Every structure is written in structure tokens, then in C-alpha cells.
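Only one structure is covered here, and it is reproduced in the block below.
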Amino acid sequence: MARGTLRDDLYAAHAALVCEVLKTTGPGTPEQRLAEWTERNAEAAERTARTLTEIWETERSTLATLSVAVRSVRSLVAAGAPPVHS
């Protein structure tokens with residue numbers, strides 16, 4: 001059940017990231033739009049890449065490390081979202 005929930009969370013985070021890239025970039029190929037978004041959010045993208053690299057380089061992934069990976073992707077989405085004003 002935990003793996004299924006984690007998988008669903010990852011799919012939701014991936015979908016949110018795709019939506020964020022699509023709504024905040026101009027016209028172009030998917031590669032161009034992703035590059036534009038990544039350039040605008042370079043610090044968060046680099047931090048997420050480092051975290052994911054560290055996780056993938058470990059000999060054994062656990063639910064805990066995979067949860068950190070999903071959280072890292074969610075943080076990436078949040079970093080790219082415009083601030084909400086009340």
C-alpha cells in the first residue's frame with residue numbers, strides 16, 4: 001500500500017511539474033519549454049538534481065529515500081510556481 005501511495009504521489013508531482021512548465025513558458029518544442037523553465041528556476045532545479053542523484057547513487061532505495069525523492073520533485077514544482085498573494 002505504501003509503494004502504491006508513493007507511486008501515486010510521484011505521478012501527481014510529475015503531472016504538476018508538467019502543468020507548471022506548460023503554463024509558465026512560451027511556445028516552442030517540449031525541450032525548449034523545459035529548458036526555459038529550468039533556466040528560470042535554475043537554483044531549485046540544481047538542488048533537486050543533486051538530491052535525486054544522491055538517492056539514485058545509493059546502493060539500495062527504501063521507501064524513505066523514495067519519499068524524499070518525491071518530496072524533492074514537489075519542492076521543485078513549488079519553487080517554480082508564482083507567489084500567492086492574499
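Every chain in the C-alpha cells takes a letter, A first, then B, and so on in the order presented; its residues are numbered from 1, and the ligands are numbered from 1 following the presented order.
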All residues 10 Å or closer to region 20-26 of chain A, only C-alpha atoms, same chain fewer than 2 positions away omitted, as a list in words: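 Everything that qualifies: His14, Ala15, Ala16, Leu17, Val18, Gly28, Thr29, Pro30, Gln32, Arg33, Leu34, Ala35, Glu36, Trp37, Thr38, Arg40, Val77, Ala78, Gly80, Ala81 and Pro82 of chain A.
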Which of region 1-82 of chain A fall in helix (DSSP H, G or I), as a PyMOL selection string: chain A and resi 2-24+30-40+42-57+63-80
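Here CA of Trp56 (chain A) stands at a distance of 25.2 Å from CA of Cys19 (chain A).
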Contact residues around Thr51 (chain A) with only C-alpha atoms at 12 Å, ignoring same-chain residues under 2 positions, as a list in words: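 Here the answer would be Ala44, Ala45, Glu46, Arg47, Thr48, Ala49, Thr53, Glu54, Ile55, Trp56, Glu57, Thr58, Thr65, Leu66, Ser67, Val68, Ala69, Val70, Arg71, Ser72, Val73, Ser75 and Leu76 of chain A.
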Could you save the residues just selected, with C-alpha atoms, as a short mmCIF file (atom, residue, chain, number, x, y, z; two decimals), in the first residue's frame?
data_model
loop_
_atom_site.label_atom_id
_atom_site.label_comp_id
_atom_site.auth_asym_id
_atom_site.auth_seq_id
_atom_site.Cartn_x
_atom_site.Cartn_y
_atom_site.Cartn_z
CA ALA A 44 15.68 24.76 -7.46
CA ALA A 45 16.38 22.51 -10.46
CA GLU A 46 20.02 22.09 -9.47
CA ARG A 47 19.09 21.37 -5.85
CA THR A 48 16.57 18.75 -6.95
CA ALA A 49 19.05 17.20 -9.38
CA THR A 53 21.49 11.96 -7.91
CA GLU A 54 22.44 11.21 -4.31
CA ILE A 55 19.39 8.97 -3.94
CA TRP A 56 19.98 7.09 -7.19
CA GLU A 57 23.65 6.56 -6.34
CA THR A 58 22.85 4.77 -3.10
CA THR A 65 14.61 7.60 0.30
CA LEU A 66 11.98 7.39 -2.40
CA SER A 67 9.69 9.59 -0.29
CA VAL A 68 12.50 12.15 -0.15
CA ALA A 69 12.77 11.96 -3.95
CA VAL A 70 9.05 12.63 -4.40
CA ARG A 71 9.23 15.49 -1.90
CA SER A 72 12.14 16.94 -3.83
CA VAL A 73 10.10 16.94 -7.04
CA SER A 75 9.52 21.26 -3.91
CA LEU A 76 10.71 21.85 -7.46
#
